[in-house]
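Next comes upload_12.cif, a file with mmCIF, C-alpha atoms and all ligand atoms.
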```cif
data_query
#
loop_
_atom_site.group_PDB
_atom_site.id
_atom_site.type_symbol
_atom_site.label_atom_id
_atom_site.label_comp_id
_atom_site.auth_asym_id
_atom_site.auth_seq_id
_atom_site.Cartn_x
_atom_site.Cartn_y
_atom_site.Cartn_z
ATOM 1 C CA MET A 1 9.883 6.274 17.639
ATOM 2 C CA GLU A 2 10.680 9.591 19.301
ATOM 3 C CA ALA A 3 12.742 10.552 16.274
ATOM 4 C CA ALA A 4 9.899 9.632 13.940
ATOM 5 C CA TRP A 5 7.368 11.678 15.886
ATOM 6 C CA GLN A 6 9.703 14.692 16.156
ATOM 7 C CA ASP A 7 10.233 14.510 12.441
ATOM 8 C CA VAL A 8 6.494 14.584 11.777
ATOM 9 C CA LYS A 9 5.805 17.166 14.487
ATOM 10 C CA ARG A 10 8.481 19.614 13.333
ATOM 11 C CA LEU A 11 7.300 19.724 9.795
ATOM 12 C CA GLY A 12 6.103 23.095 8.655
ATOM 13 C CA ARG A 13 7.350 24.833 11.786
ATOM 14 C CA ALA A 14 10.230 27.145 12.495
ATOM 15 C CA GLU A 15 13.046 25.606 14.548
ATOM 16 C CA GLY A 16 12.508 26.283 18.272
ATOM 17 C CA ASP A 17 8.840 27.071 17.778
ATOM 18 C CA GLU A 18 7.740 24.431 20.304
ATOM 19 C CA ALA A 19 4.973 26.696 21.577
ATOM 20 C CA SER A 20 3.108 25.932 18.375
ATOM 21 C CA VAL A 21 2.990 22.236 19.251
ATOM 22 C CA SER A 22 -0.639 22.335 20.129
ATOM 23 C CA GLY A 23 -3.955 21.056 18.921
ATOM 24 C CA PRO A 24 -3.977 17.451 17.760
ATOM 25 C CA GLU A 25 -0.297 16.707 18.438
ATOM 26 C CA ARG A 26 -0.622 17.784 22.050
ATOM 27 C CA VAL A 27 -3.702 15.601 22.430
ATOM 28 C CA TYR A 28 -1.923 12.567 20.933
ATOM 29 C CA LEU A 29 1.055 12.980 23.261
ATOM 30 C CA THR A 30 -0.594 14.043 26.503
ATOM 31 C CA GLN A 31 -4.348 13.381 26.322
ATOM 32 C CA ALA A 32 -4.726 9.994 24.684
ATOM 33 C CA ARG A 33 -7.495 8.974 27.102
ATOM 34 C CA GLU A 34 -9.459 12.136 26.390
ATOM 35 C CA TYR A 35 -9.034 11.421 22.678
ATOM 36 C CA ASP A 36 -10.384 7.929 23.252
ATOM 37 C CA ARG A 37 -13.400 9.314 25.094
ATOM 38 C CA LEU A 38 -14.055 11.559 22.092
ATOM 39 C CA ILE A 39 -13.931 8.839 19.472
ATOM 40 C CA MET A 40 -16.056 6.497 21.586
ATOM 41 C CA ALA A 41 -18.850 9.066 21.244
ATOM 42 C CA GLU A 42 -18.542 9.185 17.446
ATOM 43 C CA ASP A 43 -20.505 7.152 14.896
ATOM 44 C CA THR A 44 -23.432 6.796 17.264
ATOM 45 C CA ASP A 45 -25.584 5.367 14.453
ATOM 46 C CA GLY A 46 -22.930 2.804 13.536
ATOM 47 C CA ASN A 47 -22.845 3.951 9.889
ATOM 48 C CA LEU A 48 -19.072 3.829 9.584
ATOM 49 C CA GLU A 49 -18.634 0.554 11.458
ATOM 50 C CA ARG A 50 -21.344 -1.048 9.303
ATOM 51 C CA HIS A 51 -19.839 0.317 6.097
ATOM 52 C CA MET A 52 -16.386 -0.982 7.019
ATOM 53 C CA LEU A 53 -17.605 -4.450 7.949
ATOM 54 C CA GLU A 54 -20.016 -4.827 5.034
ATOM 55 C CA SER A 55 -17.945 -3.259 2.237
ATOM 56 C CA PHE A 56 -14.599 -4.907 2.949
ATOM 57 C CA ASP A 57 -13.755 -8.505 3.765
ATOM 58 C CA PHE A 58 -11.657 -8.737 6.903
ATOM 59 C CA HIS A 59 -12.361 -12.404 7.682
ATOM 60 C CA GLY A 60 -9.105 -14.264 8.250
ATOM 61 C CA LYS A 61 -7.161 -11.363 6.758
ATOM 62 C CA ALA A 62 -3.896 -9.674 7.726
ATOM 63 C CA VAL A 63 -4.536 -5.974 8.216
ATOM 64 C CA VAL A 64 -2.407 -2.921 8.988
ATOM 65 C CA ASP A 65 -4.020 -0.022 10.880
ATOM 66 C CA VAL A 66 -1.808 2.966 10.013
ATOM 67 C CA GLY A 67 -1.959 5.845 12.510
ATOM 68 C CA ALA A 68 -4.020 3.471 14.631
ATOM 69 C CA GLY A 69 -4.248 5.849 17.590
ATOM 70 C CA THR A 70 -6.219 4.318 20.443
ATOM 71 C CA GLY A 71 -7.406 1.529 18.150
ATOM 72 C CA ARG A 72 -10.897 2.604 17.129
ATOM 73 C CA LEU A 73 -10.758 0.757 13.794
ATOM 74 C CA SER A 74 -8.803 -2.210 15.135
ATOM 75 C CA ARG A 75 -11.520 -2.856 17.742
ATOM 76 C CA TRP A 76 -14.002 -3.451 14.932
ATOM 77 C CA ILE A 77 -11.685 -5.352 12.651
ATOM 78 C CA ALA A 78 -9.558 -7.558 14.941
ATOM 79 C CA PRO A 79 -12.404 -9.920 15.985
ATOM 80 C CA ARG A 80 -12.811 -10.911 12.305
ATOM 81 C CA ALA A 81 -9.243 -10.614 11.052
ATOM 82 C CA ASP A 82 -6.447 -13.133 11.391
ATOM 83 C CA HIS A 83 -4.121 -10.386 12.601
ATOM 84 C CA VAL A 84 -4.027 -6.585 12.842
ATOM 85 C CA HIS A 85 -0.780 -4.588 13.008
ATOM 86 C CA LEU A 86 -1.308 -1.248 14.719
ATOM 87 C CA VAL A 87 1.254 1.407 13.832
ATOM 88 C CA ASP A 88 1.443 4.989 15.116
ATOM 89 C CA VAL A 89 4.073 7.622 15.934
ATOM 90 C CA ALA A 90 2.429 8.469 19.265
ATOM 91 C CA ALA A 91 3.235 5.840 21.907
ATOM 92 C CA PRO A 92 0.660 7.189 24.410
ATOM 93 C CA MET A 93 -2.120 6.553 21.899
ATOM 94 C CA LEU A 94 -0.921 2.991 21.319
ATOM 95 C CA GLU A 95 -0.801 2.343 25.073
ATOM 96 C CA VAL A 96 -4.529 3.029 25.292
ATOM 97 C CA ALA A 97 -5.114 0.847 22.219
ATOM 98 C CA SER A 98 -3.146 -1.971 23.820
ATOM 99 C CA GLU A 99 -5.107 -1.803 27.099
ATOM 100 C CA THR A 100 -8.440 -1.761 25.296
ATOM 101 C CA LEU A 101 -7.615 -4.594 22.918
ATOM 102 C CA ASP A 102 -6.312 -6.621 25.886
ATOM 103 C CA SER A 103 -9.547 -6.025 27.776
ATOM 104 C CA MET A 104 -11.475 -7.220 24.713
ATOM 105 C CA GLY A 105 -9.458 -10.468 24.716
ATOM 106 C CA LEU A 106 -7.851 -9.523 21.399
ATOM 107 C CA SER A 107 -4.200 -9.201 22.389
ATOM 108 C CA GLY A 108 -3.338 -12.469 20.608
ATOM 109 C CA LYS A 109 -4.616 -11.075 17.321
ATOM 110 C CA VAL A 110 -2.753 -7.783 17.261
ATOM 111 C CA SER A 111 0.789 -6.458 17.175
ATOM 112 C CA ILE A 112 1.489 -2.873 18.152
ATOM 113 C CA GLU A 113 4.454 -0.807 17.046
ATOM 114 C CA THR A 114 5.529 2.834 17.092
ATOM 115 C CA ALA A 115 6.567 3.807 13.573
ATOM 116 C CA ASP A 116 5.988 6.395 10.888
ATOM 117 C CA ALA A 117 3.327 5.849 8.252
ATOM 118 C CA ARG A 118 5.979 6.688 5.664
ATOM 119 C CA ALA A 119 8.214 3.774 6.723
ATOM 120 C CA LEU A 120 5.948 0.930 7.785
ATOM 121 C CA PRO A 121 7.737 -1.894 9.639
ATOM 122 C CA LEU A 122 6.218 -4.560 7.387
ATOM 123 C CA GLU A 123 7.407 -6.712 4.497
ATOM 124 C CA ASP A 124 6.267 -6.102 0.936
ATOM 125 C CA SER A 125 2.841 -7.645 0.156
ATOM 126 C CA SER A 126 2.485 -8.876 3.729
ATOM 127 C CA VAL A 127 -1.104 -7.718 4.432
ATOM 128 C CA ASP A 128 -4.468 -8.066 2.691
ATOM 129 C CA VAL A 129 -5.861 -4.722 3.842
ATOM 130 C CA ALA A 130 -4.189 -1.407 4.722
ATOM 131 C CA MET A 131 -6.364 1.192 6.433
ATOM 132 C CA ALA A 132 -5.551 4.669 7.758
ATOM 133 C CA GLY A 133 -8.200 6.600 9.689
ATOM 134 C CA TRP A 134 -7.877 10.393 10.017
ATOM 135 C CA VAL A 135 -4.076 10.360 9.655
ATOM 136 C CA TYR A 136 -2.727 11.861 6.425
ATOM 137 C CA GLY A 137 -4.988 14.922 6.575
ATOM 138 C CA HIS A 138 -2.635 16.195 9.291
ATOM 139 C CA PHE A 139 0.177 16.425 6.758
ATOM 140 C CA ARG A 140 -1.711 19.161 4.909
ATOM 141 C CA TYR A 141 -1.463 21.363 8.039
ATOM 142 C CA TRP A 142 1.916 20.223 9.339
ATOM 143 C CA MET A 143 3.624 20.813 6.017
ATOM 144 C CA PRO A 144 1.638 23.406 4.074
ATOM 145 C CA GLU A 145 4.319 23.391 1.365
ATOM 146 C CA GLY A 146 5.116 19.849 0.281
ATOM 147 C CA TRP A 147 2.344 17.925 2.063
ATOM 148 C CA GLU A 148 1.719 16.118 -1.218
ATOM 149 C CA ILE A 149 5.094 14.394 -0.926
ATOM 150 C CA MET A 150 4.193 13.085 2.526
ATOM 151 C CA VAL A 151 0.783 11.867 1.396
ATOM 152 C CA ASP A 152 2.328 10.177 -1.642
ATOM 153 C CA GLU A 153 4.957 8.487 0.537
ATOM 154 C CA ALA A 154 2.308 7.245 2.960
ATOM 155 C CA VAL A 155 0.059 5.924 0.171
ATOM 156 C CA SER A 156 3.082 4.276 -1.475
ATOM 157 C CA GLU A 157 3.828 2.515 1.804
ATOM 158 C CA MET A 158 0.246 1.249 2.022
ATOM 159 C CA MET A 159 0.612 -0.059 -1.541
ATOM 160 C CA ARG A 160 3.985 -1.659 -0.853
ATOM 161 C CA VAL A 161 2.874 -3.650 2.200
ATOM 162 C CA THR A 162 -0.479 -4.738 0.720
ATOM 163 C CA ARG A 163 -0.712 -7.692 -1.635
ATOM 164 C CA PRO A 164 -1.900 -7.041 -5.203
ATOM 165 C CA GLY A 165 -5.711 -6.913 -5.233
ATOM 166 C CA GLY A 166 -5.910 -6.149 -1.496
ATOM 167 C CA ASP A 167 -7.872 -3.199 -0.149
ATOM 168 C CA LEU A 168 -6.500 0.274 0.565
ATOM 169 C CA ILE A 169 -8.775 2.370 2.814
ATOM 170 C CA VAL A 170 -8.301 5.991 3.909
ATOM 171 C CA ILE A 171 -10.884 7.579 6.215
ATOM 172 C CA GLU A 172 -11.062 11.349 6.722
ATOM 173 C CA THR A 173 -13.387 14.006 8.076
ATOM 174 C CA MET A 174 -15.625 15.991 5.752
ATOM 175 C CA GLY A 175 -16.591 18.404 8.514
ATOM 176 C CA THR A 176 -17.438 18.527 12.221
ATOM 177 C CA GLY A 177 -20.621 20.292 13.324
ATOM 178 C CA VAL A 178 -22.037 20.157 9.781
ATOM 179 C CA GLU A 179 -24.834 18.046 8.328
ATOM 180 C CA GLU A 180 -23.429 18.047 4.781
ATOM 181 C CA PRO A 181 -19.811 17.696 3.627
ATOM 182 C CA GLU A 182 -18.080 21.010 3.947
ATOM 183 C CA ALA A 183 -15.539 22.567 1.562
ATOM 184 C CA GLY A 184 -12.225 23.321 3.258
ATOM 185 C CA PRO A 185 -8.433 23.192 3.229
ATOM 186 C CA LEU A 186 -8.418 19.396 2.987
ATOM 187 C CA ASP A 187 -10.211 19.395 -0.376
ATOM 188 C CA VAL A 188 -6.924 19.516 -2.298
ATOM 189 C CA TYR A 189 -5.774 16.454 -0.360
ATOM 190 C CA TYR A 190 -9.005 14.591 -1.091
ATOM 191 C CA GLU A 191 -8.623 15.492 -4.747
ATOM 192 C CA ARG A 192 -5.098 14.077 -4.651
ATOM 193 C CA LEU A 193 -6.381 10.791 -3.213
ATOM 194 C CA GLU A 194 -9.003 10.580 -5.962
ATOM 195 C CA VAL A 195 -7.269 11.999 -9.039
ATOM 196 C CA HIS A 196 -3.642 11.101 -8.395
ATOM 197 C CA HIS A 197 -4.105 7.866 -6.433
ATOM 198 C CA GLY A 198 -7.392 6.574 -7.850
ATOM 199 C CA PHE A 199 -9.405 6.274 -4.635
ATOM 200 C CA ALA A 200 -13.225 6.385 -4.756
ATOM 201 C CA ARG A 201 -15.104 8.362 -2.106
ATOM 202 C CA ARG A 202 -18.116 7.336 -0.035
ATOM 203 C CA VAL A 203 -19.521 9.915 2.389
ATOM 204 C CA LEU A 204 -21.309 8.909 5.611
ATOM 205 C CA ARG A 205 -22.706 10.659 8.681
ATOM 206 C CA THR A 206 -20.775 9.738 11.830
ATOM 207 C CA ASP A 207 -22.476 11.979 14.412
ATOM 208 C CA TYR A 208 -21.282 12.178 18.012
ATOM 209 C CA LEU A 209 -23.766 11.598 20.836
ATOM 210 C CA PHE A 210 -23.354 12.820 24.422
ATOM 211 C CA ALA A 211 -25.469 12.596 27.572
ATOM 212 C CA SER A 212 -25.599 16.376 27.939
ATOM 213 C CA VAL A 213 -24.543 19.615 26.260
ATOM 214 C CA GLU A 214 -21.927 20.104 28.970
ATOM 215 C CA GLU A 215 -20.432 16.692 28.309
ATOM 216 C CA ALA A 216 -20.346 17.481 24.578
ATOM 217 C CA VAL A 217 -18.552 20.771 25.288
ATOM 218 C CA GLU A 218 -16.042 19.070 27.589
ATOM 219 C CA VAL A 219 -15.232 16.097 25.377
ATOM 220 C CA MET A 220 -15.296 17.834 21.983
ATOM 221 C CA GLY A 221 -13.488 20.923 23.289
ATOM 222 C CA VAL A 222 -10.315 18.976 24.120
ATOM 223 C CA PHE A 223 -9.709 18.190 20.465
ATOM 224 C CA PHE A 224 -11.627 20.813 18.502
ATOM 225 C CA GLY A 225 -11.087 23.861 20.707
ATOM 226 C CA GLU A 226 -13.183 26.767 21.902
ATOM 227 C CA GLY A 227 -14.854 27.459 18.529
ATOM 228 C CA MET A 228 -16.478 24.043 18.593
ATOM 229 C CA SER A 229 -17.459 24.409 22.254
ATOM 230 C CA GLU A 230 -19.224 27.677 21.394
ATOM 231 C CA ALA A 231 -21.040 26.075 18.462
ATOM 232 C CA ILE A 232 -22.218 23.240 20.735
ATOM 233 C CA ARG A 233 -23.570 25.665 23.325
ATOM 234 C CA LEU A 234 -25.156 27.895 20.692
ATOM 235 C CA ASN A 235 -26.935 24.948 19.051
ATOM 236 C CA ASP A 236 -27.669 23.194 22.334
ATOM 237 C CA TRP A 237 -26.181 20.043 20.794
ATOM 238 C CA THR A 238 -26.024 16.690 22.523
ATOM 239 C CA ARG A 239 -25.775 15.153 19.031
ATOM 240 C CA VAL A 240 -22.974 16.836 17.119
ATOM 241 C CA PRO A 241 -23.210 16.219 13.380
ATOM 242 C CA GLU A 242 -20.129 14.916 11.589
ATOM 243 C CA CYS A 243 -19.521 13.942 7.967
ATOM 244 C CA THR A 244 -16.863 11.375 7.153
ATOM 245 C CA ALA A 245 -15.451 10.076 3.875
ATOM 246 C CA VAL A 246 -14.185 6.571 3.242
ATOM 247 C CA PHE A 247 -11.759 6.558 0.307
ATOM 248 C CA SER A 248 -10.951 3.116 -1.032
ATOM 249 C CA ARG A 249 -9.445 1.245 -3.957
ATOM 250 C CA ALA A 250 -7.967 -2.127 -4.751
ATOM 251 C CA ASN A 251 -4.201 -2.313 -4.639
ATOM 252 C CA ALA A 252 -2.563 -2.608 -8.063
HETATM 253 C C1 LIG A 301 -6.993 11.619 14.445
HETATM 254 S S1 LIG A 301 -5.927 10.384 15.095
HETATM 255 C C2 LIG A 301 -6.683 8.927 14.403
HETATM 256 C C3 LIG A 301 -6.410 7.718 15.232
HETATM 257 C C4 LIG A 301 -7.188 6.478 14.829
HETATM 258 N N1 LIG A 301 -6.899 6.077 13.464
HETATM 259 C C5 LIG A 301 -8.673 6.631 15.020
HETATM 260 O O1 LIG A 301 -9.414 6.081 14.209
HETATM 261 O O2 LIG A 301 -9.128 7.252 15.969
HETATM 262 C C6 LIG A 301 -4.472 10.534 14.092
HETATM 263 C C7 LIG A 301 -3.363 9.570 14.487
HETATM 264 O O3 LIG A 301 -2.360 9.582 13.461
HETATM 265 C C8 LIG A 301 -1.104 9.479 14.075
HETATM 266 N N2 LIG A 301 -0.088 9.965 13.130
HETATM 267 C C9 LIG A 301 0.075 11.208 12.657
HETATM 268 N N3 LIG A 301 1.080 11.253 11.792
HETATM 269 C C10 LIG A 301 1.573 9.993 11.700
HETATM 270 C C11 LIG A 301 2.622 9.384 10.959
HETATM 271 N N4 LIG A 301 3.378 10.087 10.134
HETATM 272 N N5 LIG A 301 2.832 8.076 11.111
HETATM 273 C C12 LIG A 301 2.065 7.343 11.960
HETATM 274 N N6 LIG A 301 1.066 7.866 12.688
HETATM 275 C C13 LIG A 301 0.819 9.164 12.555
HETATM 276 C C14 LIG A 301 -1.242 10.320 15.334
HETATM 277 O O4 LIG A 301 -0.265 10.022 16.294
HETATM 278 C C15 LIG A 301 -2.655 9.937 15.789
HETATM 279 O O5 LIG A 301 -2.656 8.837 16.653
#
```

Could you spell out this file's structure in structure tokens?
Ligand SMILES: C[S@@+](CC[C@H](N)C(=O)[O-])C[C@H]1O[C@@H](n2cnc3c(N)ncnc32)[C@H](O)[C@@H]1O
Amino acid sequence: MEAAWQDVKRLGRAEGDEASVSGPERVYLTQAREYDRLIMAEDTDGNLERHMLESFDFHGKAVVDVGAGTGRLSRWIAPRADHVHLVDVAAPMLEVASETLDSMGLSGKVSIETADARALPLEDSSVDVAMAGWVYGHFRYWMPEGWEIMVDEAVSEMMRVTRPGGDLIVIETMGTGVEEPEAGPLDVYYERLEVHHGFARRVLRTDYLFASVEEAVEVMGVFFGEGMSEAIRLNDWTRVPECTAVFSRANA
């Protein structure tokens, strides 16, 4: 797993440029619990959870959660599914997922493995649903030249492990601290999902809610940095707006 993570982490960086290992990667490796605290505050209105559970059939299904992190999606899906495979390159994130799923009495319904999204440890056509939440967007930043290859490899892996007619689901941010989807560097990636891979987009609000502005600054700042903390203070936000897209299609 270490090799897989190093491979992903190094992409787009000069050799020996470890100082630039910051932002999300640092959080995934050293602040998994803080990450979990962040995502527990998201989707306060339940729009995404509802959309996932109402738009896709998870009952009795085999599911893979690619880039599962601390298991946000698996917590919703595992109670309905027959089995959920959680896969991620960051072991610390999966440790939190494992603890949480255990505490929910779901350990018998999940398997957890460190692996790269581009080489899933699953047989061909072995799941009914493949989902990846907020994962492949990183490739756009980690490998500014050639990110398309990584995205294509990851989508191909989803297609390979999912049975024909099963569901492929990719969830990504459309902007944090904004009330409407925001144009940005990820647009070319979203276009690739839609035009090249045939996904259809559905945009939802998944606002964060905190008990106080200070809590919002503390929890959001870990992942989004000082710019976001300033915006929260400036707007006096306890509810931080967030737009999220669910891209989906049936597997060929
Ligand atoms: C923003 S987090 C999302 C986690 C989780 N899906 C959620 O809903 O909160 C991104 C996750 O993708 C994982 N990741 C990034 N690149 C990956 C890759 N190539 N293969 C597997 N996991 C990857 C990271 O380790 C991290 O846990």

(message) Given only C-alpha atoms as the basis, pick out the residue of A:Gly166, A:Gly221, A:Gly175, A:Gly46 nearest to Ala250 of chain A.
(response) A:Gly166

(request) Identify all residues satisfying the PyMOL selection byres (((chain A and resi 247) around 8) and not hetatm) in the given file; provide them as a list in words. (result)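 After applying the PyMOL selection byres (((chain A and resi 247) around 8) and not hetatm), what remains is Ile169, Val170, Ile171, Leu193, Glu194, Phe199, Ala200, Arg201, Arg202, Ala245, Val246, Ser248 and Arg249 of chain A.
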
Take the selection from the previous step and output its residues with C-alpha atoms, as a PDB file, in the coordinates of the input.
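Writing done, so here's part_16.pdb:
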```
ATOM      1  CA  ILE A 169      -8.775   2.370   2.814  1.00  0.00           C
ATOM      2  CA  VAL A 170      -8.301   5.991   3.909  1.00  0.00           C
ATOM      3  CA  ILE A 171     -10.884   7.579   6.215  1.00  0.00           C
ATOM      4  CA  LEU A 193      -6.381  10.791  -3.213  1.00  0.00           C
ATOM      5  CA  GLU A 194      -9.003  10.580  -5.962  1.00  0.00           C
ATOM      6  CA  PHE A 199      -9.405   6.274  -4.635  1.00  0.00           C
ATOM      7  CA  ALA A 200     -13.225   6.385  -4.756  1.00  0.00           C
ATOM      8  CA  ARG A 201     -15.104   8.362  -2.106  1.00  0.00           C
ATOM      9  CA  ARG A 202     -18.116   7.336  -0.035  1.00  0.00           C
ATOM     10  CA  ALA A 245     -15.451  10.076   3.875  1.00  0.00           C
ATOM     11  CA  VAL A 246     -14.185   6.571   3.242  1.00  0.00           C
ATOM     12  CA  SER A 248     -10.951   3.116  -1.032  1.00  0.00           C
ATOM     13  CA  ARG A 249      -9.445   1.245  -3.957  1.00  0.00           C
TER      14      ARG A 249
END
```

Would you tabulate, counting all atoms listed in the file, all residues of segment 96-142 of chain A that have an atom at most 9 Å from an atom of segment 19-41 of chain A, showing the closest pair of atoms and their distance in Å to one decimal, sorted by chain then ascending number, as a tab-separated table?
```
residue	atom	partner	partner_atom	distance
A:Val96	CA	A:Arg33	CA	6.9
A:Ala97	CA	A:Asp36	CA	8.9
A:His138	CA	A:Pro24	CA	8.7
```

(message) Using only C-alpha atoms, can you tell me which of A:Val89, A:Ile149, A:Val195, A:Leu168 comes closest to Val135 of chain A?
(response) A:Val89

(request) Could you tell me, counting only C-alpha atoms and all ligand atoms, which protein and nucleic acid residues lie no more than 6 Å from ligand LIG 301 (chain A), written as an MDAnalysis selection string? (result) chainID A and resid 8 28 67:69 71:73 88:90 93 115:117 133:135

(request) Show which residues sit within 12 Å of Leu53 of chain A, as a PyMOL selection string. Count only C-alpha atoms, and ignore same-chain residues fewer than 3 positions away. (result) chain A and resi 46-50+56-59+73-81

(request) Choose the residue, out of A:Leu106, A:Met159, A:Ile112, A:Ala211, that has the smallest atom-to-atom separation from Val127 of chain A; count all atoms listed in the file. (result)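 Selected residue with least distance to Val127 of chain A: A:Met159.
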
(message) If we count only C-alpha atoms and set the cut-off at 12 Å, which residues sit around Met150 of chain A, ignoring sequence neighbours fewer than 2 positions away in its own chain? Please answer as a ChimeraX atom specification.
(response) /A:7-8,11-12,116-119,135-148,152-157,189,192

Box time for segment 79-83 of chain A: axis-aligned, enclosing all its listed atoms, 8 Å extra on each side; report centre and edge lengths in Å to one decimal, as JSON.
```
{"center_x": -8.5, "center_y": -11.5, "center_z": 13.5, "size_x": 24.7, "size_y": 19.2, "size_z": 20.9}
```

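For the atom pair formed by atom CA of Asp207 of chain A and atom CA of Val110 of chain A, the distance is 28.1 Å, given to one decimal.
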
(request) Return as a list in words the set of residues that the PyMOL selection byres (((chain A and resi 177-188) around 8) and not hetatm) yields on the displayed structure. (result)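 Selection result, ordered by chain and number: Gly137, Arg140, Met174, Gly175, Thr176, Tyr189, Tyr190, Glu191, Arg192, Val203, Arg205, Met228, Ala231, Val240, Pro241, Glu242, Cys243 and Thr244 of chain A.
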
(message) I'd like to know which of A:Leu204, A:Leu94, A:Met131, A:Val87 is closest to Met158 of chain A, using all atoms listed in the file.
(response)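 Nearest to Met158 of chain A: A:Met131.
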
From the coordinates I just gave you, please extract segment 101-159 of chain A so that only C-alpha atoms remain, then output it as a compact mmCIF listing (two decimals), in the first residue's frame.
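As written to disk, part13.txt reads:
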```
# COMPACT_ATOMS: atom_id res chain seq x y z
CA LEU A 101 -18.28 0.65 10.85
CA ASP A 102 -17.46 -1.70 13.75
CA SER A 103 -19.22 0.61 16.18
CA MET A 104 -22.25 0.62 13.88
CA GLY A 105 -22.33 -3.20 13.99
CA LEU A 106 -21.47 -3.37 10.28
CA SER A 107 -18.09 -5.08 10.36
CA GLY A 108 -19.61 -8.32 9.01
CA LYS A 109 -20.83 -6.52 5.91
CA VAL A 110 -17.63 -4.80 4.87
CA SER A 111 -14.11 -5.64 3.77
CA ILE A 112 -11.39 -3.01 3.94
CA GLU A 113 -8.24 -2.94 1.86
CA THR A 114 -5.46 -0.49 1.04
CA ALA A 115 -5.10 -0.32 -2.74
CA ASP A 116 -4.97 2.11 -5.62
CA ALA A 117 -8.14 3.06 -7.46
CA ARG A 118 -6.29 2.25 -10.68
CA ALA A 119 -5.72 -1.39 -9.67
CA LEU A 120 -8.73 -2.49 -7.66
CA PRO A 121 -8.25 -5.80 -5.80
CA LEU A 122 -11.50 -7.24 -7.17
CA GLU A 123 -12.48 -9.74 -9.84
CA ASP A 124 -14.08 -8.68 -13.10
CA SER A 125 -17.86 -8.10 -12.82
CA SER A 126 -17.79 -8.86 -9.10
CA VAL A 127 -19.87 -5.91 -7.82
CA ASP A 128 -23.25 -4.38 -8.68
CA VAL A 129 -22.30 -0.80 -7.83
CA ALA A 130 -18.97 1.07 -7.93
CA MET A 131 -18.88 4.47 -6.24
CA ALA A 132 -16.04 6.95 -5.74
CA GLY A 133 -16.61 10.06 -3.63
CA TRP A 134 -14.28 13.05 -4.03
CA VAL A 135 -11.34 10.93 -5.22
CA TYR A 136 -10.38 11.38 -8.88
CA GLY A 137 -10.55 15.18 -8.75
CA HIS A 138 -7.23 15.00 -6.89
CA PHE A 139 -5.56 13.60 -9.99
CA ARG A 140 -6.17 16.88 -11.81
CA TYR A 141 -3.93 18.65 -9.24
CA TRP A 142 -1.45 15.86 -8.56
CA MET A 143 -0.70 15.35 -12.23
CA PRO A 144 -1.49 18.57 -14.09
CA GLU A 145 -0.10 17.03 -17.29
CA GLY A 146 -1.62 13.61 -17.90
CA TRP A 147 -4.35 13.56 -15.24
CA GLU A 148 -6.72 12.33 -17.94
CA ILE A 149 -4.83 9.04 -18.12
CA MET A 150 -5.26 8.52 -14.39
CA VAL A 151 -8.96 9.35 -14.50
CA ASP A 152 -9.46 7.03 -17.47
CA GLU A 153 -7.61 4.22 -15.68
CA ALA A 154 -9.71 4.68 -12.55
CA VAL A 155 -13.00 4.76 -14.50
CA SER A 156 -11.89 1.69 -16.47
CA GLU A 157 -11.29 -0.12 -13.19
CA MET A 158 -14.77 0.79 -11.96
CA MET A 159 -16.17 -0.57 -15.24
```
